[in-house]
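**Q** This is the content of data_32.pdb (PDB, C-alpha atoms (C1' of nucleotides)):
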```pdb
ATOM      1  CA  MET O 181     -47.016  19.241 -23.324
ATOM      2  CA  ASP O 182     -46.560  15.932 -21.630
ATOM      3  CA  LYS O 183     -47.000  15.585 -17.970
ATOM      4  CA  SER O 184     -43.700  15.114 -16.227
ATOM      5  CA  PRO O 185     -42.571  14.860 -12.648
ATOM      6  CA  LEU O 186     -40.687  18.027 -13.322
ATOM      7  CA  ASP O 187     -43.918  19.990 -13.380
ATOM      8  CA  ASP O 188     -44.388  19.558  -9.702
ATOM      9  CA  ILE O 189     -41.118  20.759  -8.429
ATOM     10  CA  ASN O 190     -40.453  24.096  -9.867
ATOM     11  CA  LEU O 191     -37.767  23.067 -12.300
ATOM     12  CA  LYS O 192     -37.491  23.917 -15.927
ATOM     13  CA  LYS O 193     -38.436  21.048 -18.146
ATOM     14  CA  THR O 194     -35.376  20.826 -20.315
ATOM     15  CA  ARG O 195     -34.838  18.071 -22.809
ATOM     16  CA  LYS O 196     -31.696  16.882 -21.100
ATOM     17  CA  ARG O 197     -33.258  16.805 -17.707
ATOM     18  CA  GLN O 198     -36.130  14.750 -19.023
ATOM     19  CA  ALA O 199     -33.721  12.463 -20.779
ATOM     20  CA  ILE O 200     -31.927  11.733 -17.540
ATOM     21  CA  LEU O 201     -35.197  10.986 -15.805
ATOM     22  CA  GLY O 202     -36.142   8.758 -18.708
ATOM     23  CA  ILE O 203     -32.939   6.790 -18.477
ATOM     24  CA  LEU O 204     -33.426   6.298 -14.773
ATOM     25  CA  ALA O 205     -37.024   5.283 -15.308
ATOM     26  CA  GLY O 206     -36.028   2.774 -17.939
ATOM     27  CA  SER O 207     -33.329   1.107 -15.925
ATOM     28  CA  LYS O 208     -33.884  -1.919 -13.773
ATOM     29  CA  THR O 209     -30.795  -1.192 -11.763
ATOM     30  CA  ARG O 210     -29.344   1.815 -10.091
ATOM     31  CA  LEU O 211     -27.025   3.851 -12.273
ATOM     32  CA  THR O 212     -23.897   5.843 -11.704
ATOM     33  CA  ALA O 213     -23.470   9.295 -13.167
ATOM     34  CA  ASP O 214     -21.130   7.757 -15.649
ATOM     35  CA  ASP O 215     -23.662   5.108 -16.664
ATOM     36  CA  ILE O 216     -26.132   7.832 -17.456
ATOM     37  CA  PHE O 217     -23.528   9.808 -19.293
ATOM     38  CA  ALA O 218     -22.740   6.777 -21.431
ATOM     39  CA  ALA O 219     -26.366   5.880 -22.046
ATOM     40  CA  CYS O 220     -27.168   9.375 -23.151
ATOM     41  CA  SER O 221     -24.212  10.624 -25.064
ATOM     42  CA  GLU O 222     -25.229   9.044 -28.362
ATOM     43  CA  SER O 223     -28.553  10.726 -28.939
ATOM     44  CA  LEU O 224     -28.248  14.020 -27.165
ATOM     45  CA  SER O 225     -24.819  15.097 -26.179
ATOM     46  CA  LEU O 226     -24.753  15.435 -22.448
ATOM     47  CA  ASN O 227     -21.880  16.726 -20.442
ATOM     48  CA  LEU O 228     -20.830  14.704 -17.438
ATOM     49  CA  SER O 229     -20.994  17.809 -15.276
ATOM     50  CA  THR O 230     -24.565  18.275 -16.321
ATOM     51  CA  VAL O 231     -25.367  14.749 -15.325
ATOM     52  CA  TYR O 232     -23.898  15.322 -11.902
ATOM     53  CA  ARG O 233     -25.611  18.657 -11.493
ATOM     54  CA  THR O 234     -28.945  17.369 -12.649
ATOM     55  CA  LEU O 235     -28.793  14.335 -10.434
ATOM     56  CA  SER O 236     -27.971  16.361  -7.400
ATOM     57  CA  THR O 237     -30.777  18.803  -8.133
ATOM     58  CA  LEU O 238     -33.239  15.971  -8.544
ATOM     59  CA  ALA O 239     -31.993  14.358  -5.366
ATOM     60  CA  GLU O 240     -32.551  17.592  -3.486
ATOM     61  CA  LYS O 241     -36.087  17.707  -4.740
ATOM     62  CA  GLY O 242     -36.607  14.186  -3.586
ATOM     63  CA  LEU O 243     -37.190  12.795  -7.057
ATOM     64  CA  VAL O 244     -34.052  10.748  -7.113
ATOM     65  CA  THR O 245     -32.287   8.655  -4.530
ATOM     66  CA  LYS O 246     -28.548   8.676  -4.192
ATOM     67  CA  CYS O 247     -26.608   5.879  -2.556
ATOM     68  CA  VAL O 248     -22.865   5.858  -2.107
ATOM     69  CA  GLU O 249     -21.423   2.393  -2.092
ATOM     70  CA  PRO O 250     -18.119   1.235  -0.686
ATOM     71  CA  ASP O 251     -16.673   1.226  -4.169
ATOM     72  CA  GLY O 252     -16.659   4.999  -3.827
ATOM     73  CA  LYS O 253     -19.279   5.592  -6.482
ATOM     74  CA  ALA O 254     -22.722   7.093  -6.102
ATOM     75  CA  TYR O 255     -25.670   5.181  -7.501
ATOM     76  CA  TYR O 256     -28.895   6.887  -8.471
ATOM     77  CA  SER O 257     -32.441   5.676  -8.957
ATOM     78  CA  LEU O 258     -35.871   7.192  -9.096
ATOM     79  CA  ALA O 259     -37.152   7.774  -5.606
ATOM     80  CA  CYS O 260     -40.551   6.522  -6.673
ATOM     81  CA  ALA O 261     -39.077   3.235  -7.814
ATOM     82  CA  THR O 262     -40.245   1.164  -4.909
ATOM     83  CA  GLY O 263     -40.289  -2.021  -6.875
ATOM     84  CA  ALA O 264     -38.166  -4.961  -5.905
ATOM     85  CA  ASP O 265     -35.413  -3.929  -8.223
ATOM     86  CA  ALA O 266     -34.903  -0.725  -6.395
ATOM     87  CA  HIS O 267     -33.466  -2.791  -3.606
ATOM     88  CA  HIS O 268     -30.045  -4.164  -3.908
ATOM     89  CA  HIS O 269     -28.534  -4.561  -0.539
ATOM     90  CA  HIS O 270     -25.223  -6.287  -0.531
ATOM     91  CA  LEU O 271     -23.079  -8.475   1.596
ATOM     92  CA  VAL O 272     -19.457  -7.937   0.657
ATOM     93  CA  CYS O 273     -16.400  -9.876   1.690
ATOM     94  CA  ALA O 274     -13.860  -7.483   3.128
ATOM     95  CA  LYS O 275     -11.028  -9.510   1.693
ATOM     96  CA  CYS O 276     -11.885 -10.879  -1.724
ATOM     97  CA  LYS O 277     -14.799  -8.519  -2.425
ATOM     98  CA  ALA O 278     -17.104 -11.424  -3.222
ATOM     99  CA  THR O 279     -20.584  -9.994  -3.174
ATOM    100  CA  ILE O 280     -23.940 -11.526  -2.446
ATOM    101  CA  GLU O 281     -27.231  -9.811  -3.042
ATOM    102  CA  LEU O 282     -29.608  -9.885  -0.148
ATOM    103  CA  ASP O 283     -33.345 -10.221  -0.328
ATOM    104  CA  GLU O 284     -34.086  -8.964   3.114
ATOM    105  CA  CYS O 285     -34.813  -5.338   3.632
ATOM    106  CA  PRO O 286     -35.538  -4.718   7.257
ATOM    107  CA  ILE O 287     -35.796  -1.034   6.700
ATOM    108  CA  GLU O 288     -39.154  -0.825   4.976
ATOM    109  CA  GLU O 289     -41.091  -1.525   8.093
ATOM    110  CA  LEU O 290     -39.113   1.001  10.038
ATOM    111  CA  ASN O 291     -39.942   3.786   7.663
ATOM    112  CA  ARG O 292     -43.361   4.628   8.991
ATOM    113  CA  LYS O 293     -42.136   4.732  12.543
ATOM    114  CA  ILE O 294     -39.085   6.830  11.812
ATOM    115  CA  SER O 295     -41.077   9.062   9.564
ATOM    116  CA  SER O 296     -43.604   9.865  12.254
ATOM    117  CA  GLU O 297     -40.912  10.371  14.843
ATOM    118  CA  THR O 298     -38.833  12.721  12.794
ATOM    119  CA  GLY O 299     -41.200  14.384  10.364
ATOM    120  CA  PHE O 300     -38.957  13.380   7.492
ATOM    121  CA  VAL O 301     -40.344  12.093   4.237
ATOM    122  CA  ILE O 302     -38.110   9.136   3.618
ATOM    123  CA  THR O 303     -37.208   8.750  -0.016
ATOM    124  CA  GLY O 304     -34.474   6.189   0.067
ATOM    125  CA  HIS O 305     -31.956   4.237   2.004
ATOM    126  CA  SER O 306     -28.726   2.436   1.589
ATOM    127  CA  MET O 307     -27.501  -0.546   3.485
ATOM    128  CA  GLU O 308     -24.543  -2.795   3.209
ATOM    129  CA  LEU O 309     -23.155  -5.616   5.283
ATOM    130  CA  THR O 310     -19.488  -6.403   5.461
ATOM    131  CA  GLY O 311     -17.872  -9.617   6.509
ATOM    132  CA  LEU O 312     -15.605 -12.440   5.554
ATOM    133  CA  CYS O 313     -16.796 -15.007   3.093
ATOM    134  CA  PRO O 314     -16.347 -18.720   3.756
ATOM    135  CA  LYS O 315     -13.159 -18.902   1.710
ATOM    136  CA  CYS O 316     -11.488 -15.961   3.384
ATOM    137  CA  GLN O 317     -12.139 -16.815   7.005
TER
ATOM    138  CA  MET H  86       5.276  -8.584  24.950
ATOM    139  CA  ASP H  87       1.689  -7.607  25.340
ATOM    140  CA  LYS H  88      -1.069  -9.601  23.832
ATOM    141  CA  SER H  89      -2.479  -7.922  20.805
ATOM    142  CA  PRO H  90      -5.102  -8.772  18.246
ATOM    143  CA  LEU H  91      -2.293  -8.649  15.774
ATOM    144  CA  ASP H  92      -0.923 -11.901  17.128
ATOM    145  CA  ASP H  93      -3.801 -13.826  15.730
ATOM    146  CA  ILE H  94      -3.736 -12.722  12.199
ATOM    147  CA  ASN H  95      -0.275 -13.205  10.933
ATOM    148  CA  LEU H  96       0.734  -9.563  10.815
ATOM    149  CA  LYS H  97       3.868  -7.995  12.149
ATOM    150  CA  LYS H  98       3.269  -6.132  15.341
ATOM    151  CA  THR H  99       4.726  -2.778  14.466
ATOM    152  CA  ARG H 100       4.463   0.222  16.707
ATOM    153  CA  LYS H 101       2.498   2.199  14.150
ATOM    154  CA  ARG H 102       0.069  -0.571  13.473
ATOM    155  CA  GLN H 103      -0.589  -0.934  17.161
ATOM    156  CA  ALA H 104      -0.982   2.805  17.488
ATOM    157  CA  ILE H 105      -3.693   2.823  14.858
ATOM    158  CA  LEU H 106      -5.515   0.007  16.598
ATOM    159  CA  GLY H 107      -5.146   1.887  19.868
ATOM    160  CA  ILE H 108      -6.641   5.028  18.437
ATOM    161  CA  LEU H 109      -9.564   3.095  17.052
ATOM    162  CA  ALA H 110     -10.039   1.305  20.341
ATOM    163  CA  GLY H 111      -9.994   4.565  22.245
ATOM    164  CA  SER H 112     -12.523   6.323  20.075
ATOM    165  CA  LYS H 113     -16.208   6.393  20.784
ATOM    166  CA  THR H 114     -16.979   7.227  17.195
ATOM    167  CA  ARG H 115     -15.934   5.934  13.844
ATOM    168  CA  LEU H 116     -12.872   7.631  12.403
ATOM    169  CA  THR H 117     -11.736   8.581   8.954
ATOM    170  CA  ALA H 118      -8.225   7.888   7.765
ATOM    171  CA  ASP H 119      -7.558  11.554   8.190
ATOM    172  CA  ASP H 120      -8.818  11.563  11.776
ATOM    173  CA  ILE H 121      -6.379   8.835  12.615
ATOM    174  CA  PHE H 122      -3.606  10.600  10.793
ATOM    175  CA  ALA H 123      -4.297  13.737  12.828
ATOM    176  CA  ALA H 124      -4.629  11.922  16.122
ATOM    177  CA  CYS H 125      -1.373  10.159  15.592
ATOM    178  CA  SER H 126       0.944  12.564  13.944
ATOM    179  CA  GLU H 127       1.993  14.284  17.153
ATOM    180  CA  SER H 128       3.530  11.372  18.998
ATOM    181  CA  LEU H 129       4.711   9.092  16.247
ATOM    182  CA  SER H 130       4.905  10.492  12.815
ATOM    183  CA  LEU H 131       2.587   8.514  10.630
ATOM    184  CA  ASN H 132       2.220   8.891   6.937
ATOM    185  CA  LEU H 133      -1.276   9.152   5.562
ATOM    186  CA  SER H 134      -0.550   6.400   3.061
ATOM    187  CA  THR H 135       0.449   4.160   5.912
ATOM    188  CA  VAL H 136      -2.833   4.852   7.638
ATOM    189  CA  TYR H 137      -4.740   3.900   4.520
ATOM    190  CA  ARG H 138      -2.645   0.846   3.907
ATOM    191  CA  THR H 139      -2.878  -0.310   7.467
ATOM    192  CA  LEU H 140      -6.604   0.223   7.655
ATOM    193  CA  SER H 141      -7.214  -1.697   4.508
ATOM    194  CA  THR H 142      -5.026  -4.544   5.693
ATOM    195  CA  LEU H 143      -6.878  -4.677   8.989
ATOM    196  CA  ALA H 144     -10.201  -4.533   7.207
ATOM    197  CA  GLU H 145      -9.187  -7.469   5.053
ATOM    198  CA  LYS H 146      -8.344  -9.430   8.147
ATOM    199  CA  GLY H 147     -11.707  -8.608   9.576
ATOM    200  CA  LEU H 148     -10.328  -6.639  12.505
ATOM    201  CA  VAL H 149     -11.656  -3.337  11.293
ATOM    202  CA  THR H 150     -14.892  -2.309   9.681
ATOM    203  CA  LYS H 151     -15.007   0.181   6.862
ATOM    204  CA  CYS H 152     -18.099   2.146   5.954
ATOM    205  CA  VAL H 153     -18.311   4.619   3.119
ATOM    206  CA  GLU H 154     -20.804   7.368   3.792
ATOM    207  CA  PRO H 155     -22.502   9.635   1.269
ATOM    208  CA  ASP H 156     -20.040  12.370   2.125
ATOM    209  CA  GLY H 157     -17.561  10.328   0.151
ATOM    210  CA  LYS H 158     -15.375   9.451   3.096
ATOM    211  CA  ALA H 159     -14.665   6.054   4.562
ATOM    212  CA  TYR H 160     -15.173   5.585   8.277
ATOM    213  CA  TYR H 161     -13.360   2.915  10.234
ATOM    214  CA  SER H 162     -14.005   1.249  13.551
ATOM    215  CA  LEU H 163     -12.920  -1.898  15.335
ATOM    216  CA  ALA H 164     -14.963  -4.807  14.092
ATOM    217  CA  CYS H 165     -15.213  -6.110  17.638
ATOM    218  CA  ALA H 166     -16.727  -2.846  18.818
ATOM    219  CA  THR H 167     -20.261  -4.073  19.137
ATOM    220  CA  GLY H 168     -21.174  -1.540  21.779
ATOM    221  CA  ALA H 169     -23.934   0.955  21.252
ATOM    222  CA  ASP H 170     -21.501   3.590  20.127
ATOM    223  CA  ALA H 171     -20.439   1.514  17.217
ATOM    224  CA  HIS H 172     -23.799   2.280  15.734
ATOM    225  CA  HIS H 173     -24.436   5.560  14.158
ATOM    226  CA  HIS H 174     -27.055   5.219  11.546
ATOM    227  CA  HIS H 175     -28.200   8.452  10.051
ATOM    228  CA  LEU H 176     -31.196  10.046   8.505
ATOM    229  CA  VAL H 177     -30.080  12.800   6.180
ATOM    230  CA  CYS H 178     -32.107  15.467   4.428
ATOM    231  CA  ALA H 179     -31.336  15.351   0.730
ATOM    232  CA  LYS H 180     -31.706  19.093   0.472
ATOM    233  CA  CYS H 181     -30.294  20.846   3.519
ATOM    234  CA  LYS H 182     -28.215  17.915   4.771
ATOM    235  CA  ALA H 183     -29.782  18.131   8.211
ATOM    236  CA  THR H 184     -28.873  14.907   9.960
ATOM    237  CA  ILE H 185     -30.561  12.942  12.684
ATOM    238  CA  GLU H 186     -28.988  10.027  14.478
ATOM    239  CA  LEU H 187     -31.150   6.962  14.659
ATOM    240  CA  ASP H 188     -31.355   4.546  17.533
ATOM    241  CA  GLU H 189     -32.903   1.708  15.662
ATOM    242  CA  CYS H 190     -30.723  -0.913  14.124
ATOM    243  CA  PRO H 191     -32.856  -3.510  12.417
ATOM    244  CA  ILE H 192     -29.826  -5.292  11.117
ATOM    245  CA  GLU H 193     -28.555  -6.915  14.279
ATOM    246  CA  GLU H 194     -31.312  -9.462  14.346
ATOM    247  CA  LEU H 195     -30.791 -10.300  10.707
ATOM    248  CA  ASN H 196     -27.163 -11.125  11.201
ATOM    249  CA  ARG H 197     -27.580 -14.644  12.489
ATOM    250  CA  LYS H 198     -29.964 -15.546   9.740
ATOM    251  CA  ILE H 199     -27.871 -14.087   6.969
ATOM    252  CA  SER H 200     -24.749 -15.531   8.446
ATOM    253  CA  SER H 201     -26.133 -19.043   8.426
ATOM    254  CA  GLU H 202     -27.535 -18.663   4.949
ATOM    255  CA  THR H 203     -24.353 -17.369   3.405
ATOM    256  CA  GLY H 204     -21.533 -18.697   5.510
ATOM    257  CA  PHE H 205     -20.162 -15.200   5.946
ATOM    258  CA  VAL H 206     -18.858 -13.966   9.237
ATOM    259  CA  ILE H 207     -20.479 -10.561   9.424
ATOM    260  CA  THR H 208     -18.172  -7.962  10.868
ATOM    261  CA  GLY H 209     -20.004  -4.773  10.186
ATOM    262  CA  HIS H 210     -22.645  -2.916   8.329
ATOM    263  CA  SER H 211     -23.585   0.503   7.180
ATOM    264  CA  MET H 212     -27.019   1.965   6.755
ATOM    265  CA  GLU H 213     -28.321   5.356   5.925
ATOM    266  CA  LEU H 214     -31.746   6.744   5.235
ATOM    267  CA  THR H 215     -32.346   9.662   2.951
ATOM    268  CA  GLY H 216     -35.346  11.942   2.824
ATOM    269  CA  LEU H 217     -36.623  15.439   3.128
ATOM    270  CA  CYS H 218     -36.741  17.098   6.497
ATOM    271  CA  PRO H 219     -39.867  18.961   7.658
ATOM    272  CA  LYS H 220     -38.456  22.316   6.579
ATOM    273  CA  CYS H 221     -37.512  21.230   3.101
ATOM    274  CA  GLN H 222     -40.665  19.403   2.115
TER
ATOM    275  C1'  DA E 112     -35.804  39.846 -20.640
ATOM    276  C1'  DT E 113     -34.750  37.303 -16.798
ATOM    277  C1'  DT E 114     -33.370  33.449 -14.644
ATOM    278  C1'  DG E 115     -32.238  28.822 -14.663
ATOM    279  C1'  DT E 116     -29.395  25.416 -17.289
ATOM    280  C1'  DT E 117     -25.430  23.688 -19.793
ATOM    281  C1'  DG E 118     -20.571  22.990 -21.585
ATOM    282  C1'  DC E 119     -15.922  23.281 -20.920
ATOM    283  C1'  DA E 120     -11.855  23.228 -18.463
ATOM    284  C1'  DA E 121      -9.724  23.376 -14.326
ATOM    285  C1'  DA E 122      -9.799  22.379  -9.457
ATOM    286  C1'  DT E 123     -10.801  19.338  -5.377
ATOM    287  C1'  DA E 124     -10.936  15.528  -2.211
ATOM    288  C1'  DG E 125     -10.243  11.076  -0.907
ATOM    289  C1'  DT E 126      -7.692   7.253  -1.847
ATOM    290  C1'  DT E 127      -4.157   4.292  -4.159
ATOM    291  C1'  DT E 128       0.348   2.959  -5.989
ATOM    292  C1'  DG E 129       5.540   2.509  -7.334
ATOM    293  C1'  DC E 130       9.718   2.458  -5.536
ATOM    294  C1'  DA E 131      13.459   3.125  -2.446
ATOM    295  C1'  DT E 132      14.341   2.734   2.542
ATOM    296  C1'  DT E 133      13.706   0.884   7.094
ATOM    297  C1'  DC E 134      12.214  -2.229  10.495
ATOM    298  C1'  DT E 135      10.381  -6.771  12.556
ATOM    299  C1'  DG E 136      10.826 -11.503  13.529
TER
ATOM    300  C1'  DC A 157      18.859 -11.956   6.497
ATOM    301  C1'  DA A 158      14.304 -12.052   4.252
ATOM    302  C1'  DG A 159      10.171 -10.370   3.904
ATOM    303  C1'  DA A 160       7.010  -7.093   5.480
ATOM    304  C1'  DA A 161       6.038  -2.246   6.604
ATOM    305  C1'  DT A 162       6.768   2.634   5.803
ATOM    306  C1'  DG A 163       7.568   7.318   3.661
ATOM    307  C1'  DC A 164       7.356  10.118  -0.136
ATOM    308  C1'  DA A 165       5.726  11.756  -4.269
ATOM    309  C1'  DA A 166       3.039  11.089  -8.031
ATOM    310  C1'  DA A 167      -1.095   9.092 -10.065
ATOM    311  C1'  DC A 168      -6.014   8.110 -10.095
ATOM    312  C1'  DT A 169     -11.033   8.464  -9.707
ATOM    313  C1'  DA A 170     -15.193  10.425  -8.672
ATOM    314  C1'  DT A 171     -17.110  14.655  -8.091
ATOM    315  C1'  DT A 172     -17.437  19.819  -7.894
ATOM    316  C1'  DT A 173     -17.011  24.573  -9.409
ATOM    317  C1'  DG A 174     -16.240  29.204 -12.064
ATOM    318  C1'  DC A 175     -17.531  31.328 -15.826
ATOM    319  C1'  DA A 176     -19.267  32.267 -20.285
ATOM    320  C1'  DA A 177     -22.805  30.778 -23.639
ATOM    321  C1'  DC A 178     -27.489  29.356 -24.041
ATOM    322  C1'  DA A 179     -32.405  28.000 -23.560
ATOM    323  C1'  DA A 180     -36.989  27.965 -21.112
ATOM    324  C1'  DT A 181     -40.613  30.613 -19.232
TER
END
```
Step by step, read the file and then write its structure as structure tokens.

**A**
Amino acid sequence: MDKSPLDDINLKKTRKRQAILGILAGSKTRLTADDIFAACSESLSLNLSTVYRTLSTLAEKGLVTKCVEPDGKAYYSLACATGADAHHHHLVCAKCKATIELDECPIEELNRKISSETGFVITGHSMELTGLCPKCQ
Amino acid sequence: MDKSPLDDINLKKTRKRQAILGILAGSKTRLTADDIFAACSESLSLNLSTVYRTLSTLAEKGLVTKCVEPDGKAYYSLACATGADAHHHHLVCAKCKATIELDECPIEELNRKISSETGFVITGHSMELTGLCPKCQ
DNA sequence: ATTGTTGCAAATAGTTTGCATTCTG
DNA sequence: CAGAATGCAAACTATTTGCAACAAT
């Protein structure tokens, strides 16, 4: 049987669960529950509820990171995905919703400090700046 | 007639609009639409839709900052509220939801840089860290 | 066999919208 | 008076939940 992150966390290694992890692993960007539902529904039929339930289980185990954006949707990614693509902080215009992606991530360097102060294992973060773009000022 | 921030932004100075601004100004913490609805409904009757509509108008004008937290609710505060209390960044346990308030705000010092790079006037930001607390690891 | 996982349908929660009415400037 | 703001009810969207059927260990 293949090695899977599921082995470590006391969860049954179901095909659907592994499929969801696979989709997350294969994606360069963060995905919504609905994205995963869409990506998966062709091969194995996956219920949207299952996607939500699985994602929230995996998030509880620390395998997956959940970020809620101002659009009201939750975005998920593998918690171990520390690569550049895992980071998409945004600057959004409050008026026209124009969005700019930011390179900076000031949080990384804070992690060690906060982690030692609080005892938390930090698996993810979300950050967003709001403002008015040049046109809307 | 009293001076009000509403004068500057081409909005009618209605009693309800001013009441909402007053409630925000008087609050040490960020408020949800429902908080404002509750705080207001005794004196002047305010419809929840009006609260939402007003808040989103004010946010568009840059007077109010909106942050959506992982609980799925949007929190509003005056954009000019730069005091310490305007900042409540959180560290949340993905499993038991234990929450710690953080002092650090690494974003402040980025603002000038980002602002000059993008031309945005930055009125607010939201940030949240996720992890596993000592008990849940 | 036992317990965790899934599907389905219905419920929830927060937020948004259409339209008629009312108020501000 | 004209246009903007408000109330009300209904619609919407993302997410959650109860329960019965099912699969993994």

**Q** Given the file above and the PyMOL selection byres ((chain O and resi 279) around 12), which residues are selected, and can you give them as an mmCIF file with C-alpha atoms, in the coordinates of the input?

**A**
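What landed in out-v1.cif:
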```cif
data_model
loop_
_atom_site.group_PDB
_atom_site.id
_atom_site.type_symbol
_atom_site.label_atom_id
_atom_site.label_comp_id
_atom_site.auth_asym_id
_atom_site.auth_seq_id
_atom_site.Cartn_x
_atom_site.Cartn_y
_atom_site.Cartn_z
ATOM 1 C CA PRO O 250 -18.119 1.235 -0.686
ATOM 2 C CA ASP O 251 -16.673 1.226 -4.169
ATOM 3 C CA HIS O 268 -30.045 -4.164 -3.908
ATOM 4 C CA HIS O 269 -28.534 -4.561 -0.539
ATOM 5 C CA HIS O 270 -25.223 -6.287 -0.531
ATOM 6 C CA LEU O 271 -23.079 -8.475 1.596
ATOM 7 C CA VAL O 272 -19.457 -7.937 0.657
ATOM 8 C CA CYS O 273 -16.400 -9.876 1.690
ATOM 9 C CA ALA O 274 -13.860 -7.483 3.128
ATOM 10 C CA LYS O 275 -11.028 -9.510 1.693
ATOM 11 C CA CYS O 276 -11.885 -10.879 -1.724
ATOM 12 C CA LYS O 277 -14.799 -8.519 -2.425
ATOM 13 C CA ALA O 278 -17.104 -11.424 -3.222
ATOM 14 C CA ILE O 280 -23.940 -11.526 -2.446
ATOM 15 C CA GLU O 281 -27.231 -9.811 -3.042
ATOM 16 C CA LEU O 282 -29.608 -9.885 -0.148
ATOM 17 C CA GLU O 308 -24.543 -2.795 3.209
ATOM 18 C CA LEU O 309 -23.155 -5.616 5.283
ATOM 19 C CA THR O 310 -19.488 -6.403 5.461
ATOM 20 C CA GLY O 311 -17.872 -9.617 6.509
ATOM 21 C CA LEU O 312 -15.605 -12.440 5.554
ATOM 22 C CA CYS O 313 -16.796 -15.007 3.093
ATOM 23 C CA PRO O 314 -16.347 -18.720 3.756
ATOM 24 C CA THR H 203 -24.353 -17.369 3.405
ATOM 25 C CA PHE H 205 -20.162 -15.200 5.946
#
```

**Q** Could you superimpose chain H onto chain O using every C-alpha atom, matched in order, and tell me the RMSD in Å?

**A**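 Computed value for the CA RMSD is 0.1 Å.
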
**Q** Given the file shown, determine the residues that the PyMOL selection byres ((chain A and resi 163-165) around 9) selects; report them as a list in words.

**A** Leu131, Asn132, Ser134 and Thr135 of chain H; DT132 of chain E; DT162 and DA166 of chain A

**Q** Identify every residue of chain E that has at least one atom within 12 Å of any atom of chain O, counting all atoms listed in the file, and report the result as a PyMOL selection string.

**A** chain E and resi 114-120+125-126

**Q** For chain A, which residue among O:His305, O:Lys293, O:Lys253, O:Lys246 is the nearest when counting all atoms listed in the file?

**A**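 Smallest separation from chain A among the options: O:Lys253.
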
**Q** At most 10 Å is the cut-off: for each residue in chain A with any atom that close to an atom of chain O, write down the nearest atom pair and the distance in Å rounded to one decimal, counting all atoms listed in the file, chain first then increasing number, as a tab-separated table.

**A**
```
residue	atom	partner	partner_atom	distance
A:DT169	C1'	O:Gly252	CA	8.8
A:DA170	C1'	O:Lys253	CA	6.7
A:DT171	C1'	O:Tyr232	CA	7.8
A:DT172	C1'	O:Ser229	CA	8.4
A:DT173	C1'	O:Ser229	CA	9.8
A:DA179	C1'	O:Thr194	CA	8.4
A:DA180	C1'	O:Lys192	CA	6.6
A:DT181	C1'	O:Lys192	CA	8.1
```

**Q** Write the selection just made, keeping C-alpha atoms (C1' of nucleotides), as a PDB file, in the coordinates of the input?

**A**
```pdb
ATOM      1  C1'  DT A 169     -11.033   8.464  -9.707  1.00  0.00           C
ATOM      2  C1'  DA A 170     -15.193  10.425  -8.672  1.00  0.00           C
ATOM      3  C1'  DT A 171     -17.110  14.655  -8.091  1.00  0.00           C
ATOM      4  C1'  DT A 172     -17.437  19.819  -7.894  1.00  0.00           C
ATOM      5  C1'  DT A 173     -17.011  24.573  -9.409  1.00  0.00           C
ATOM      6  C1'  DA A 179     -32.405  28.000 -23.560  1.00  0.00           C
ATOM      7  C1'  DA A 180     -36.989  27.965 -21.112  1.00  0.00           C
ATOM      8  C1'  DT A 181     -40.613  30.613 -19.232  1.00  0.00           C
TER       9       DT A 181
END
```

**Q** Please evaluate the PyMOL selection byres ((chain O and resi 205-209) around 8) against the displayed coordinates and give the resulting residues as a PyMOL selection string.

**A** chain O and resi 201-204+210-211+257-258+265-266

**Q** How big is the axis-aligned box around the listed atoms of range 102-114 of chain H once 3 Å is added on each side, and where is its centre? Give both in Å to one decimal, as lines of an AutoDock Vina configuration file.

**A**
```
center_x = -8.5
center_y = 3.1
center_z = 17.9
size_x = 23.0
size_y = 14.2
size_z = 14.8
```

**Q** Can you work out the spacing between CA of Thr212 in chain O and CA of Ile200 in chain O in Å, to one decimal?

**A**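 Atom-to-atom, CA of Thr212 in chain O and CA of Ile200 in chain O are spaced 11.5 Å apart.
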
**Q** What's the separation between CA of Ala218 in chain O and CA of Ala259 in chain O, in Å to one decimal place?

**A**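 Atom-to-atom, CA of Ala218 in chain O to CA of Ala259 in chain O, that is 21.4 Å.
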
**Q** Tell me, in Å to one decimal, how far CA of Glu189 in chain H is from CA of Gln317 in chain O.

**A** 29.1 Å
